[in-house]
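Quick notes on the structure that follows.
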Amino acid sequence: MRWSPNPIALIALLALSCLACGPSGAVTLEQAMADPDWIGPPVERPYWSVDGIAVYYQLKREGSGIRDLRRVTLADGTDVLVEPQAMAAADGPEPVFDATRSWAAFVRNGDLFLRRTDGGRLVQVTRTSAREAAPQFSADGRQLQFRVDDDWYSYDIATGVTAQAAVLKTGKDPAQKKPDDLGELQLRLFSTLRKVKDDRDARREHAERFQAEDPTRAPLPVFLGEEAEIVTTALAPDARWLLVATRAKGYDAGRVAKMQTWVTESGYEEGEDERVRVGRNAPAPQTLWLVDLGARSVRKLGYADLPGIGDDPLAAVREENAKANTDAAGKDEADATDKSGGDRKNGKGKDGKSEKEAPAERALEVSGLAWSRDGRHAAVQLRSIDNKDRWIASVDLGGGRLVAEHRLTDPAWINWNFNEFGWTDDSRQLWYLSEESGYSQLYVKAPGTRPKALTEGRFEVSSPRLSPDGRYFYVRANVEAPYAYDVYRVATGGGPLERISRYGGLDDFTLSADGRQLAVLHSSAYVPQQLAVLPADGSGAARELTDTRKPDYRALGFAPMRIVGVPSSKSGRPIWSKLYVPADFDPSKRYPAVLFVHGAGYLQNTHQGYPNYFREQLFHNLLVERGYVVLDMDYRASEGYGRDWRTAIYRQMGTPELEDLIDGVNWLVAEQAVDPQRVGLYGGSYGGFMTLMAMFRAPEVFHAGAALRPVTDWTSYNHGYTSNILNTPQVDPLAYRRSSPIEFAEGLRGPLLIAHGMIDDNVLFQDSVRLYQRLIELRKDDFELAGYPMERHGFVHADAWYDEYKRILKLFETNLRR
């Protein structure tokens, strides 16, 4: 008997065997997941030559992770690789200038260089194995100051002599050592001992006086005490003062576990340290000191005068959790012993202090130090460790105290972004970014006066840079639409916001030394970052300098991407999203749909530039070729839409975002002919977390999901990110229970793929393993875990990319293309 195949079964078998194939001329899965060298590298880190006649930039070398330095000369467009022998004459990034803009200084490969701005000689100031940093010019312009570790140095431009400007030590000052009771007895009884000590003290005092008064000698050290560990320092340009931030030496940051690595060069399993988990000790509080280098005196700059320093912004949170702990589940949790060594029953940490009681004065971190150019004024930025306040204060140098200039407070959390601040070049005004209006805007103020908003509106301002003449601030902003970014400028004295570039996909910019030109990085949906220059006053057209795309990539036809505003049922604002539909879209049909959920939470993926998720965008092209509709949403929590959009997830991660994703599905069904029974979703990191929340909490809406490197339990994530949004597990366990997917795993009904790098040091592989065990114990069906032994959080190997997305495609083809 001859076997006769079942035609329907054969068709299904052939379809699954060619999951990686695409229609003729379209991107294949293998190509989309390949090393992106086939696309062409984006331009990275452009900067101007000091004389303004050329622009340097970095470009990834094909087949390697090495970044080559290139130089394009504007006069003739010559673009050359800077070879090692040519580095001796090359300029470096992020130069600083003296007040007359005659000299520029920069750090290249850890060494310090000086260059005349008229294109003159290049002076190498250092050639050491140390890493020189923080170059700045002295107030009189005669010296170049810089830092090596915790010590400051000064290079005399005229003589070429380098001298130490400040020497800090974290120990006891030998001169201040006092004898104990036994020592005093010895000195009283024995005159010879007294004579030896007096002679030693006299010799030390003589040496110290000569060292202090002899200008050819290094300065005497300043001692900060035995208990201090230096965090950062800032030297006044007049070299009179030094600001120092310290933390307690030996502060216990919390338990660090070991992560196993399985595929190693040694052939043996190896381990490496993981990060500390949220709430397993807060960051170390920091103390601020003012050092008078001339007098060798140290004064603590106390925080008591900062407005709101004694507030308890978590009082209501503590009260809500205390009430919740009266039920049986809360009592059981309260009786559990904290694995970090704290006693949750008593609400005490390792130091014995209650974590559920408000501190008398909140702990702070020093997040920025800034001196005016003339060295007469200093400003500091401080941030509360509970994440609710940010202060900018000036320093009363004579009185040795902080004077509050600005307080930004937020009942949710202070943004990670938009914290730049500094002094105008005339040393008269502070400038800073603040979200106090609901959107990041630029402000100026003279110390002790009311601030003035230089920008206003429902858009976000970032990357402020002063023009060389001090007349303008240049900024990146999304004024025209939330998804369209360009360069703008505003006068330092106030006035209209002028649009300078007209790309919509402006990624970064840098001003030439004379302030006449801008070098910009720009991109579009399918074009990686490219380099162009344009007049800084916006008067002329841009001149394109690069197109790094490979011919094969340029020749491809891509699926059009439309930016749409999905109506929100909750926020009253559109949810800006990217929409991809089949080329032959027919509204009379019913299509399967896939929602892509971007990662990070606070990230903007709906914009006119080239996406970080370029592989995923190519995958979306493959999906629309196969008849899917794809929607990529900037759900609440995303960047680019102001403070309220960002903080909607406070204490309830996964709820507002899920509401937005469901609104997206409803809109697709109503407007884009999507079959509501054939909707899936996928995403990585935060997108993986949201995939789980969707599959567990809305299984009637989402019928297949792929959660990549997902957070499954926020108590296992890091402190810096998680405590902003959910507070800490000790203070706010309710927020963690309502925000962690593992708490909702019972709701899984549809097929679920979990994929995770096994050496992920960001979201630990343990997250997925714990969820996998939970699903086993719940006796769920149709779920799988794919582990990738050589991948961290961001995959880097093409084989792993391909395997992961082959599984995702199979998941959708099997469950949504029915």
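For the structure tokens, the naming scheme is as follows: chains receive sequential letters (A, B, ...) according to their order of presentation, residues are indexed from 1 within each chain, and ligands are indexed from 1 in presentation order.
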
Worksheet item: Can you list, as a list in words, every protein, DNA or RNA residue that comes within 8 Å of Val566 (chain A) when you count only C-alpha atoms, leaving out same-chain residues fewer than 5 positions away?
Response: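 With the cut-off at 8 Å, the set is Pro574, Ile575, Trp576, Ser577, Asp663, Gly664 and Trp667 of chain A.
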
Practice prompt. Find the residues around Pro237 (chain A) up to 9 Å (only C-alpha atoms counted), leave out those fewer than 2 positions away in its own chain, and share them as a PyMOL selection string.
Written response: chain A and resi 136-140+145+235+239-241+371-376

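Around region 100-107 of chain A, within 8 Å and counting only C-alpha atoms, the residues found are Val50, Asp91, Gly92, Pro93, Glu94, Pro95, Val96, Phe97, Gly110, Asp111, Leu112, Phe113, Leu114, Arg115, Arg116, Thr117, Asp118, Glu132, Ala133, Pro135, Gln136 and Leu144 of chain A, once anything fewer than 3 positions away on its own chain is removed.
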
Item to complete: Using only C-alpha atoms, determine which residues lie at most 12 Å from Leu778 (chain A), disregarding the query and same-chain residues fewer than 5 positions distant; provide the list as an MDAnalysis selection string.
Response: chainID A and resid 742:749 771:773 783

Worksheet item: Which distance in Å separates CA of Val55 (chain A) and CA of Arg70 (chain A), to one decimal?
Response: 8.3 Å

Item to complete: Just list the residues in region 745-801 of chain A DSSP gives strand (DSSP E or B) on the backbone, as a PyMOL selection string.
Response: chain A and resi 752-757+783-788

Next, dump the selected residues to file, keeping only C-alpha atoms, as a PDB file, in the first residue's frame.
ATOM      1  CA  LEU A 752       3.249  31.464  26.767  1.00  0.00           C
ATOM      2  CA  LEU A 753       6.897  31.522  25.728  1.00  0.00           C
ATOM      3  CA  ILE A 754       9.463  32.736  28.268  1.00  0.00           C
ATOM      4  CA  ALA A 755      12.961  33.393  26.877  1.00  0.00           C
ATOM      5  CA  HIS A 756      15.864  34.574  28.996  1.00  0.00           C
ATOM      6  CA  GLY A 757      19.651  34.910  28.880  1.00  0.00           C
ATOM      7  CA  PHE A 783       4.152  27.261  28.506  1.00  0.00           C
ATOM      8  CA  GLU A 784       7.856  26.895  27.846  1.00  0.00           C
ATOM      9  CA  LEU A 785      11.134  28.394  29.036  1.00  0.00           C
ATOM     10  CA  ALA A 786      14.001  28.900  26.581  1.00  0.00           C
ATOM     11  CA  GLY A 787      17.331  29.636  28.280  1.00  0.00           C
ATOM     12  CA  TYR A 788      20.325  31.082  26.433  1.00  0.00           C
TER      13      TYR A 788
END

Worksheet item: From the list A:Trp38, A:Tyr602, A:Trp431, A:Trp152, which residue is nearest Pro221 (chain A) when using only C-alpha atoms?
Response: A:Trp152

Region 486-602 of chain A: residues DSSP assigns to helix (DSSP H, G or I), reported as a tab-separated table (two decimals) with all heavy atoms, in the first residue's frame:
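Saved result, selection.tsv, follows:
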chain	number	residue	atom	x	y	z
A	551	PRO	N	24.51	48.91	0.57
A	551	PRO	CA	23.65	48.91	-0.63
A	551	PRO	C	22.49	47.92	-0.55
A	551	PRO	O	21.37	48.24	-0.94
A	551	PRO	CB	24.63	48.57	-1.76
A	551	PRO	CG	25.95	49.04	-1.26
A	551	PRO	CD	25.94	48.81	0.21
A	552	ASP	N	22.75	46.72	-0.04
A	552	ASP	CA	21.69	45.71	0.02
A	552	ASP	C	20.56	46.16	0.95
A	552	ASP	O	19.38	45.89	0.69
A	552	ASP	CB	22.25	44.37	0.51
A	552	ASP	CG	23.09	43.68	-0.55
A	552	ASP	OD1	23.07	44.14	-1.71
A	552	ASP	OD2	23.77	42.69	-0.21
A	553	TYR	N	20.92	46.85	2.03
A	553	TYR	CA	19.90	47.35	2.95
A	553	TYR	C	19.12	48.50	2.31
A	553	TYR	O	17.89	48.55	2.40
A	553	TYR	CB	20.56	47.80	4.25
A	553	TYR	CG	19.59	48.38	5.26
A	553	TYR	CD1	18.77	47.55	6.02
A	553	TYR	CD2	19.49	49.76	5.45
A	553	TYR	CE1	17.88	48.07	6.95
A	553	TYR	CE2	18.59	50.29	6.37
A	553	TYR	CZ	17.79	49.45	7.12
A	553	TYR	OH	16.90	49.97	8.02
A	554	ARG	N	19.82	49.41	1.64
A	554	ARG	CA	19.15	50.55	1.01
A	554	ARG	C	18.17	50.08	-0.07
A	554	ARG	O	17.16	50.74	-0.33
A	554	ARG	CB	20.17	51.50	0.38
A	554	ARG	CG	20.90	52.37	1.38
A	554	ARG	CD	21.46	53.61	0.70
A	554	ARG	NE	22.36	53.29	-0.39
A	554	ARG	CZ	23.68	53.22	-0.29
A	554	ARG	NH1	24.26	53.45	0.88
A	554	ARG	NH2	24.43	52.92	-1.32

Practice prompt. Name the closest residue to Glu405 (chain A) among the candidates A:Pro447, A:Gly77, A:Gly599, A:Gly720; distances are taken between atoms, counting only C-alpha atoms.
Written response: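 Checking each of A:Pro447, A:Gly77, A:Gly599, A:Gly720 against Glu405 (chain A), counting only C-alpha atoms, the winner is A:Pro447.
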
Practice prompt. Check the smallest atom-to-atom distance from each of A:Ala593, A:Ala284, A:Leu726, A:Val564 to Asp634 (chain A) using only C-alpha atoms, then report the winner.
Written response: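 The closest residue to Asp634 (chain A) is A:Val564.
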
Could you produce a table of the residues of region 698-767 of chain A lying within 8 Å of region 255-275 of chain A, with the nearest pair of atoms per residue and their separation in Å rounded to one decimal, using only C-alpha atoms, ordered by chain and increasing residue number, as CSV?
residue,atom,partner,partner_atom,distance
A:Asn718,CA,A:Arg275,CA,7.0
A:Met758,CA,A:Thr261,CA,7.5
A:Ile759,CA,A:Thr261,CA,6.2
A:Asp761,CA,A:Glu274,CA,6.4
A:Asn762,CA,A:Arg275,CA,7.9

Produce a file of the selected residues containing C-alpha atoms, as a PDB file, in the first residue's frame.
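What landed in again37.pdb:
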ATOM      1  CA  ASN A 718      17.608  46.481  41.654  1.00  0.00           C
ATOM      2  CA  MET A 758      21.096  32.674  31.566  1.00  0.00           C
ATOM      3  CA  ILE A 759      23.874  35.133  32.461  1.00  0.00           C
ATOM      4  CA  ASP A 761      23.051  40.471  35.162  1.00  0.00           C
ATOM      5  CA  ASN A 762      20.216  42.995  34.906  1.00  0.00           C
TER       6      ASN A 762
END

Worksheet item: Quick one: distance from CA of Pro592 (chain A) to CA of Thr691 (chain A) in Å, one decimal?
Response: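 One can read the CA of Pro592 (chain A) to CA of Thr691 (chain A) distance as 17.1 Å.
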